[in-house]
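Okay, structure first, notes after.
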Amino acid sequence: MRLLTHNMLASNARGASTGYPLKLQVVKWTTKEAEPNADFLRGMLPKLDWAALVAATHSLGLPGLLPESPPTDAELSADGAADDEGSALRRLHRALLEIHIEEGTLVCPDTERCFPISKGVPNMLLHEDEVRN
Amino acid sequence: MVTHGGGGWRRFGKTAAERARASASAAAAGVRRRSPRCVGEFIGDPCSGEKWEPSLRRGASSRLISCGGGARRGEKGEEERRGERMPRPEVQAPPEIFYNESEARKYTTSSRIIEIQSRITERALELLALPNDGVPKLLLDIGCGSGLSGETLTEQGHHWIGYDISKSMLDVALERETEGDLLHADMGQGLGLRPGVIDGAISISAVQWLCNADKSCHNPRLRLKCLARGARAVLQFYADNVKQSEMIVTAAMRAGFAGGVVVDWPHSSKAKKSYLVLTCGPPSLNSSLPKGKGQDGAMCSDDDESDDGSGDDGEAQTVGIYERNRPKKRQKTKKNGKGKSWLLNKKEQMRKRGREVPADTKYTGRKRKSYF
Ligand SMILES: C[S@@+](CC[C@H](N)C(=O)[O-])C[C@H]1O[C@@H](n2cnc3c(N)ncnc32)[C@H](O)[C@@H]1O
């Protein structure tokens, strides 16, 4: 699971109010290179919960990866941003699309319900008595 | 008899001989290609319609389906089987059990299935009508299985998040190193996604599974609040009959979607595909279901023309929802109500869900006398 997905995902279990953001407890993560796409990231930017994304990078032990406030459109579309390792674009790209959580746990902020992540796949299945009606 | 734990089912995939035969007939059929018709049927009224009531799979006994005549049947692709009179996968076992390890592998190694699923996905993408700006989108793949549909999304440059109830299918997706993120989740329970973040959702050959509730807690529903405003969801399904089709459509309407069903190849038992096209946001009378195209017959080009079976269809006609299989047993609905057995069954269902239900007595389900 990439942080992009983590940024969208909430707990759906009974008892959770928003169930978001899911706390991330990481045991193992990897990086897989991907092609940066400035247009995609610019389109994603307004949909992101920036605070949750930053918190997620912190829980990975990468506190310096993202700035506290989101980059601007101009920063993302700056010339040469795609090739510059340290650019706002590349950092956001790396955070959202290149980091994969392999093993760990997602924890519902409201109920502490744990959703284990194994082989990169979070198990979001609910028990019968947790399903909202 | 086949039990649902057993890996003995041979439902998907084909033998080499069959494949050869199929491609031969495909070649023959190719000569007689004709352009299919589609119909967009508008669902306008989000309030009407009956309740979504999944037909509960009747206990274990119906899961142990006798595969009489299995010897002759051989292996068939998903859609081929659907044209035949044999138990559909959905009535055989719950999805997480039906798609076990061997089934998942068989499903995903059949080049025929791969091809069909990717063709359906392409069509679904077309119906999603994403802005044609070359910018990758974030899509949701509901019942993503082993990622066959997702791979088509990747090919078209999109990012996707997929979820499925079958661990074995997801494991195959992992093996295939599909690009999308995978989640193990049940569409009957809904998936928690923040509202408004997804650019479009597809579901390929999966929604019909919701018509058979396997768990008493299952209250199948389409939860797609995560869709961005104006975003669409396109759900391709195989309905067993008109009733199921209506069930799916009604559920979507009750969930507040506008949209309709587009049927490709309505008269082919094999090639027929139904696509429920839903638009997010407040239903408006003219929500942009691609019906205009369907009406003038221009929607499907020959490129969508499909499967080797379609050559032997009758003339493609304009039909909305169409009864493909033998009719289900008539529902025993009496004029003066649903009847005692229906009620008892309903109460039992409620009990299983943990609701408090009055005990059954001789008065249960009786008609109330009019005293005054
Ligand atoms: C015919 S496969 C299609 C898979 C994939 N979309 C494709 O095109 O190859 C149907 C899938 O729906 C999944 N499915 C059925 N019921 C489900 C449910 N309640 N929640 C999530 N997935 C479900 C099954 O596990 C199976 O992988």
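Residues in the structure tokens are numbered from 1 in each chain, the chains being A, B, ... in the order shown, and ligands are numbered from 1 in the order shown.
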
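All residues, whether protein, DNA or RNA, that have an atom at most 7 Å from ligand 1 (counting only C-alpha atoms and all ligand atoms) are B:Pro95, B:Glu96, B:Tyr99, B:Gln117, B:Ser118, B:Ile142, B:Gly143, B:Cys144, B:Gly145, B:Ser146, B:Gly147, B:Leu148, B:Ser149, B:Tyr163, B:Asp164, B:Ile165, B:Ser166, B:Met169, B:Ala185, B:Asp186, B:Met187, B:Gly188, B:Ser203, B:Ile204, B:Ser205, B:Ala206, B:Val207, B:Trp209, B:Leu210.
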
Go ahead and dump the residues you just picked, N, CA, C and O atoms, as an mmCIF file, in the first residue's frame.
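Contents of result_33.cif, freshly written:
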data_model
loop_
_atom_site.group_PDB
_atom_site.id
_atom_site.type_symbol
_atom_site.label_atom_id
_atom_site.label_comp_id
_atom_site.auth_asym_id
_atom_site.auth_seq_id
_atom_site.Cartn_x
_atom_site.Cartn_y
_atom_site.Cartn_z
ATOM 1 N N PRO B 95 -17.988 -15.819 -2.478
ATOM 2 C CA PRO B 95 -16.863 -15.503 -3.358
ATOM 3 C C PRO B 95 -15.505 -15.839 -2.768
ATOM 4 O O PRO B 95 -14.618 -16.299 -3.471
ATOM 5 N N GLU B 96 -15.374 -15.601 -1.452
ATOM 6 C CA GLU B 96 -14.048 -15.821 -0.863
ATOM 7 C C GLU B 96 -13.732 -17.307 -0.817
ATOM 8 O O GLU B 96 -12.587 -17.706 -0.674
ATOM 9 N N TYR B 99 -13.504 -18.418 -5.059
ATOM 10 C CA TYR B 99 -12.212 -18.043 -5.632
ATOM 11 C C TYR B 99 -11.107 -18.470 -4.678
ATOM 12 O O TYR B 99 -10.477 -17.662 -4.015
ATOM 13 N N GLN B 117 -11.694 -9.895 -19.897
ATOM 14 C CA GLN B 117 -11.744 -8.931 -18.801
ATOM 15 C C GLN B 117 -11.138 -7.597 -19.233
ATOM 16 O O GLN B 117 -11.626 -6.540 -18.865
ATOM 17 N N SER B 118 -10.095 -7.673 -20.042
ATOM 18 C CA SER B 118 -9.492 -6.402 -20.427
ATOM 19 C C SER B 118 -10.395 -5.671 -21.417
ATOM 20 O O SER B 118 -10.485 -4.449 -21.404
ATOM 21 N N ILE B 142 -13.538 -2.104 -7.861
ATOM 22 C CA ILE B 142 -14.290 -2.828 -6.850
ATOM 23 C C ILE B 142 -14.388 -4.296 -7.252
ATOM 24 O O ILE B 142 -14.909 -4.611 -8.308
ATOM 25 N N GLY B 143 -13.891 -5.183 -6.419
ATOM 26 C CA GLY B 143 -13.818 -6.597 -6.787
ATOM 27 C C GLY B 143 -12.723 -6.779 -7.824
ATOM 28 O O GLY B 143 -12.938 -7.339 -8.884
ATOM 29 N N CYS B 144 -11.533 -6.300 -7.470
ATOM 30 C CA CYS B 144 -10.444 -6.228 -8.441
ATOM 31 C C CYS B 144 -9.863 -7.596 -8.755
ATOM 32 O O CYS B 144 -9.177 -7.766 -9.761
ATOM 33 N N GLY B 145 -10.137 -8.571 -7.887
ATOM 34 C CA GLY B 145 -9.650 -9.914 -8.138
ATOM 35 C C GLY B 145 -8.147 -9.959 -8.277
ATOM 36 O O GLY B 145 -7.406 -9.321 -7.525
ATOM 37 N N SER B 146 -7.702 -10.672 -9.287
ATOM 38 C CA SER B 146 -6.265 -10.847 -9.486
ATOM 39 C C SER B 146 -5.672 -9.699 -10.298
ATOM 40 O O SER B 146 -4.543 -9.794 -10.759
ATOM 41 N N GLY B 147 -6.452 -8.665 -10.496
ATOM 42 C CA GLY B 147 -5.901 -7.466 -11.119
ATOM 43 C C GLY B 147 -5.979 -7.434 -12.634
ATOM 44 O O GLY B 147 -5.329 -6.611 -13.262
ATOM 45 N N LEU B 148 -6.784 -8.299 -13.214
ATOM 46 C CA LEU B 148 -6.890 -8.276 -14.680
ATOM 47 C C LEU B 148 -7.501 -6.964 -15.145
ATOM 48 O O LEU B 148 -7.018 -6.331 -16.080
ATOM 49 N N SER B 149 -8.571 -6.560 -14.482
ATOM 50 C CA SER B 149 -9.182 -5.292 -14.859
ATOM 51 C C SER B 149 -8.226 -4.149 -14.553
ATOM 52 O O SER B 149 -8.086 -3.205 -15.332
ATOM 53 N N TYR B 163 -9.997 -3.422 -4.450
ATOM 54 C CA TYR B 163 -10.225 -4.281 -3.296
ATOM 55 C C TYR B 163 -11.045 -5.488 -3.679
ATOM 56 O O TYR B 163 -11.827 -5.464 -4.619
ATOM 57 N N ASP B 164 -10.813 -6.543 -2.913
ATOM 58 C CA ASP B 164 -11.466 -7.811 -3.204
ATOM 59 C C ASP B 164 -11.611 -8.595 -1.915
ATOM 60 O O ASP B 164 -10.879 -8.409 -0.960
ATOM 61 N N ILE B 165 -12.590 -9.483 -1.947
ATOM 62 C CA ILE B 165 -12.868 -10.277 -0.752
ATOM 63 C C ILE B 165 -12.055 -11.562 -0.732
ATOM 64 O O ILE B 165 -11.907 -12.186 0.307
ATOM 65 N N SER B 166 -11.542 -11.952 -1.897
ATOM 66 C CA SER B 166 -10.836 -13.230 -1.973
ATOM 67 C C SER B 166 -9.334 -13.029 -1.818
ATOM 68 O O SER B 166 -8.681 -12.392 -2.644
ATOM 69 N N MET B 169 -7.317 -14.468 -4.739
ATOM 70 C CA MET B 169 -7.260 -13.611 -5.919
ATOM 71 C C MET B 169 -6.226 -12.504 -5.693
ATOM 72 O O MET B 169 -5.418 -12.199 -6.574
ATOM 73 N N ALA B 185 -10.973 -6.414 1.260
ATOM 74 C CA ALA B 185 -12.188 -5.825 1.809
ATOM 75 C C ALA B 185 -13.400 -6.382 1.080
ATOM 76 O O ALA B 185 -13.285 -6.963 0.006
ATOM 77 N N ASP B 186 -14.536 -6.171 1.687
ATOM 78 C CA ASP B 186 -15.784 -6.756 1.213
ATOM 79 C C ASP B 186 -16.697 -5.632 0.741
ATOM 80 O O ASP B 186 -17.045 -4.752 1.513
ATOM 81 N N MET B 187 -17.073 -5.675 -0.536
ATOM 82 C CA MET B 187 -17.901 -4.571 -1.032
ATOM 83 C C MET B 187 -19.271 -4.580 -0.368
ATOM 84 O O MET B 187 -19.951 -3.572 -0.354
ATOM 85 N N GLY B 188 -19.661 -5.716 0.200
ATOM 86 C CA GLY B 188 -20.928 -5.760 0.926
ATOM 87 C C GLY B 188 -20.863 -4.967 2.221
ATOM 88 O O GLY B 188 -21.883 -4.596 2.783
ATOM 89 N N SER B 203 -16.148 -1.604 -11.684
ATOM 90 C CA SER B 203 -16.256 -2.919 -11.091
ATOM 91 C C SER B 203 -16.566 -3.866 -12.230
ATOM 92 O O SER B 203 -17.534 -3.679 -12.954
ATOM 93 N N ILE B 204 -15.702 -4.831 -12.417
ATOM 94 C CA ILE B 204 -15.842 -5.708 -13.576
ATOM 95 C C ILE B 204 -16.214 -7.114 -13.127
ATOM 96 O O ILE B 204 -15.457 -7.767 -12.402
ATOM 97 N N SER B 205 -17.348 -7.544 -13.550
ATOM 98 C CA SER B 205 -17.843 -8.902 -13.284
ATOM 99 C C SER B 205 -17.829 -9.253 -11.800
ATOM 100 O O SER B 205 -17.431 -10.342 -11.429
ATOM 101 N N ALA B 206 -18.238 -8.351 -10.973
ATOM 102 C CA ALA B 206 -18.183 -8.646 -9.539
ATOM 103 C C ALA B 206 -19.481 -8.355 -8.796
ATOM 104 O O ALA B 206 -19.819 -9.071 -7.853
ATOM 105 N N VAL B 207 -20.230 -7.344 -9.237
ATOM 106 C CA VAL B 207 -21.358 -6.886 -8.423
ATOM 107 C C VAL B 207 -22.441 -7.946 -8.259
ATOM 108 O O VAL B 207 -23.126 -7.996 -7.245
ATOM 109 N N TRP B 209 -22.234 -10.752 -7.406
ATOM 110 C CA TRP B 209 -22.013 -11.552 -6.202
ATOM 111 C C TRP B 209 -22.816 -11.012 -5.034
ATOM 112 O O TRP B 209 -23.127 -11.739 -4.096
ATOM 113 N N LEU B 210 -23.127 -9.745 -5.076
ATOM 114 C CA LEU B 210 -23.871 -9.160 -3.970
ATOM 115 C C LEU B 210 -25.322 -9.612 -3.945
ATOM 116 O O LEU B 210 -26.012 -9.416 -2.961
#

Problem - Distance query segment 115-122 of chain A at most 7 Å, only C-alpha atoms, self and fewer than 2 positions along chain excluded, as a list in words - result: Met1, Ile101, Glu102, Glu103, Gly104, Thr105, Leu106, Val107, Arg113 and Met124 of chain A; Leu182, Leu183 and His184 of chain B

Each chain A residue no farther than 6 Å from chain B, nearest pair in Å, only C-alpha atoms, as JSON lines:
{"residue": "A:Met1", "atom": "CA", "partner": "B:Asp181", "partner_atom": "CA", "distance": 5.2}
{"residue": "A:Met8", "atom": "CA", "partner": "B:Arg194", "partner_atom": "CA", "distance": 5.3}
{"residue": "A:Leu9", "atom": "CA", "partner": "B:Leu193", "partner_atom": "CA", "distance": 4.6}
{"residue": "A:Ala10", "atom": "CA", "partner": "B:Gly192", "partner_atom": "CA", "distance": 4.6}
{"residue": "A:Ser11", "atom": "CA", "partner": "B:Gly192", "partner_atom": "CA", "distance": 5.4}
{"residue": "A:Asn12", "atom": "CA", "partner": "B:Gly192", "partner_atom": "CA", "distance": 4.7}
{"residue": "A:Asp39", "atom": "CA", "partner": "B:Val135", "partner_atom": "CA", "distance": 5.9}
{"residue": "A:Phe40", "atom": "CA", "partner": "B:Pro136", "partner_atom": "CA", "distance": 5.6}
{"residue": "A:Lys47", "atom": "CA", "partner": "B:Val197", "partner_atom": "CA", "distance": 5.8}
{"residue": "A:Val121", "atom": "CA", "partner": "B:Leu183", "partner_atom": "CA", "distance": 5.3}
{"residue": "A:Pro122", "atom": "CA", "partner": "B:Leu183", "partner_atom": "CA", "distance": 5.3}
{"residue": "A:Asn123", "atom": "CA", "partner": "B:His184", "partner_atom": "CA", "distance": 4.7}
{"residue": "A:Met124", "atom": "CA", "partner": "B:Ala185", "partner_atom": "CA", "distance": 5.0}
{"residue": "A:Leu125", "atom": "CA", "partner": "B:Ala185", "partner_atom": "CA", "distance": 4.8}
{"residue": "A:Glu128", "atom": "CA", "partner": "B:Cys217", "partner_atom": "CA", "distance": 5.6}

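With only C-alpha atoms taken into account, the protein and nucleic acid residues at most 8 Å from segment 73-87 of chain A (excluding it and anything under 3 positions from it in its own chain) are A:Pro36, A:Asn37, A:Ala38, A:Leu41, A:Arg42, A:Arg90, A:Arg91.
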
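When atom CA of Gln236 of chain B is paired with atom CA of Tyr275 of chain B, their separation reads 4.2 Å.
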
Practice task
Going by DSSP on the backbone, which bits of segment 6-133 of chain A are strand (DSSP E)? Write them as a PyMOL selection string, please.
Solution key: chain A and resi 23-31+99-107+114-118+121-122

Would you write out those residues with N, CA, C and O atoms, as a compact mmCIF listing (two decimals), in the first residue's frame?
# COMPACT_ATOMS: atom_id res chain seq x y z
N LYS A 23 -3.85 5.55 11.97
CA LYS A 23 -2.46 5.60 12.44
C LYS A 23 -1.68 4.49 11.76
O LYS A 23 -2.19 3.39 11.58
N LEU A 24 -0.46 4.82 11.43
CA LEU A 24 0.34 3.89 10.67
C LEU A 24 1.46 3.35 11.55
O LEU A 24 2.27 4.11 12.06
N GLN A 25 1.45 2.04 11.76
CA GLN A 25 2.56 1.42 12.47
C GLN A 25 3.29 0.54 11.47
O GLN A 25 2.74 -0.44 11.01
N VAL A 26 4.49 0.98 11.15
CA VAL A 26 5.19 0.32 10.05
C VAL A 26 6.25 -0.64 10.57
O VAL A 26 7.06 -0.30 11.44
N VAL A 27 6.20 -1.86 10.07
CA VAL A 27 7.24 -2.82 10.39
C VAL A 27 8.25 -2.88 9.25
O VAL A 27 9.44 -2.96 9.46
N LYS A 28 7.71 -2.84 8.03
CA LYS A 28 8.60 -2.94 6.88
C LYS A 28 8.04 -2.12 5.73
O LYS A 28 6.84 -2.17 5.46
N TRP A 29 8.90 -1.36 5.10
CA TRP A 29 8.45 -0.66 3.89
C TRP A 29 9.55 -0.71 2.85
O TRP A 29 10.71 -0.95 3.15
N THR A 30 9.16 -0.52 1.61
CA THR A 30 10.13 -0.56 0.53
C THR A 30 9.89 0.62 -0.40
O THR A 30 8.88 1.32 -0.29
N THR A 31 10.82 0.81 -1.30
CA THR A 31 10.65 1.84 -2.31
C THR A 31 10.63 1.19 -3.68
O THR A 31 11.44 0.31 -3.96
N ILE A 99 6.79 4.96 -2.06
CA ILE A 99 6.94 4.23 -0.80
C ILE A 99 5.81 3.24 -0.66
O ILE A 99 4.64 3.58 -0.85
N HIS A 100 6.16 2.01 -0.39
CA HIS A 100 5.15 0.97 -0.22
C HIS A 100 5.26 0.38 1.19
O HIS A 100 6.32 -0.09 1.58
N ILE A 101 4.16 0.43 1.92
CA ILE A 101 4.15 -0.20 3.23
C ILE A 101 3.93 -1.70 3.00
O ILE A 101 2.94 -2.09 2.39
N GLU A 102 4.84 -2.50 3.47
CA GLU A 102 4.73 -3.94 3.25
C GLU A 102 4.12 -4.66 4.45
O GLU A 102 3.23 -5.49 4.30
N GLU A 103 4.67 -4.37 5.62
CA GLU A 103 4.16 -5.02 6.82
C GLU A 103 3.90 -3.95 7.86
O GLU A 103 4.68 -3.01 8.00
N GLY A 104 2.83 -4.11 8.60
CA GLY A 104 2.53 -3.15 9.65
C GLY A 104 1.07 -3.22 10.05
O GLY A 104 0.40 -4.22 9.80
N THR A 105 0.61 -2.13 10.62
CA THR A 105 -0.77 -2.10 11.10
C THR A 105 -1.35 -0.71 10.89
O THR A 105 -0.65 0.28 11.04
N LEU A 106 -2.61 -0.69 10.53
CA LEU A 106 -3.35 0.56 10.51
C LEU A 106 -4.25 0.56 11.74
O LEU A 106 -4.92 -0.43 12.01
N VAL A 107 -4.24 1.66 12.45
CA VAL A 107 -5.04 1.70 13.67
C VAL A 107 -6.09 2.81 13.56
O VAL A 107 -5.76 3.96 13.27
N CYS A 114 -7.46 -2.48 14.99
CA CYS A 114 -6.25 -2.65 14.18
C CYS A 114 -6.57 -3.36 12.87
O CYS A 114 -7.31 -4.33 12.85
N PHE A 115 -6.02 -2.86 11.81
CA PHE A 115 -6.12 -3.52 10.50
C PHE A 115 -4.71 -3.91 10.07
O PHE A 115 -3.92 -3.04 9.71
N PRO A 116 -4.42 -5.19 10.11
CA PRO A 116 -3.05 -5.60 9.78
C PRO A 116 -2.74 -5.45 8.30
O PRO A 116 -3.61 -5.62 7.44
N ILE A 117 -1.51 -5.09 8.01
CA ILE A 117 -1.04 -5.03 6.63
C ILE A 117 -0.06 -6.18 6.45
O ILE A 117 0.92 -6.27 7.18
N SER A 118 -0.35 -7.05 5.50
CA SER A 118 0.61 -8.12 5.24
C SER A 118 0.85 -8.24 3.75
O SER A 118 -0.08 -8.14 2.96
N VAL A 121 -0.78 -5.67 1.68
CA VAL A 121 -2.24 -5.59 1.56
C VAL A 121 -2.89 -5.41 2.93
O VAL A 121 -2.83 -6.31 3.76
N PRO A 122 -3.50 -4.26 3.17
CA PRO A 122 -4.24 -4.08 4.43
C PRO A 122 -5.50 -4.94 4.44
O PRO A 122 -6.19 -5.03 3.43

Exercise for the section: Just list the residues in segment 88-132 of chain A DSSP gives helix (DSSP H, G or I) on the backbone, as a PyMOL selection string. Expected result: chain A and resi 88-98+128-130

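Between atom CA of Lys340 of chain B and atom CA of Gly365 of chain B the interatomic distance comes to 4.9 Å.
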
Fill in the blank from the handout: Ala95 of chain A proximity check over A:Thr5, A:Thr111, A:Ser69, A:Thr18, using only C-alpha atoms: winner is A:Thr5

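A straight line drawn from atom CA of Gly61 of chain A to atom CA of Glu177 of chain B is 26.0 Å long.
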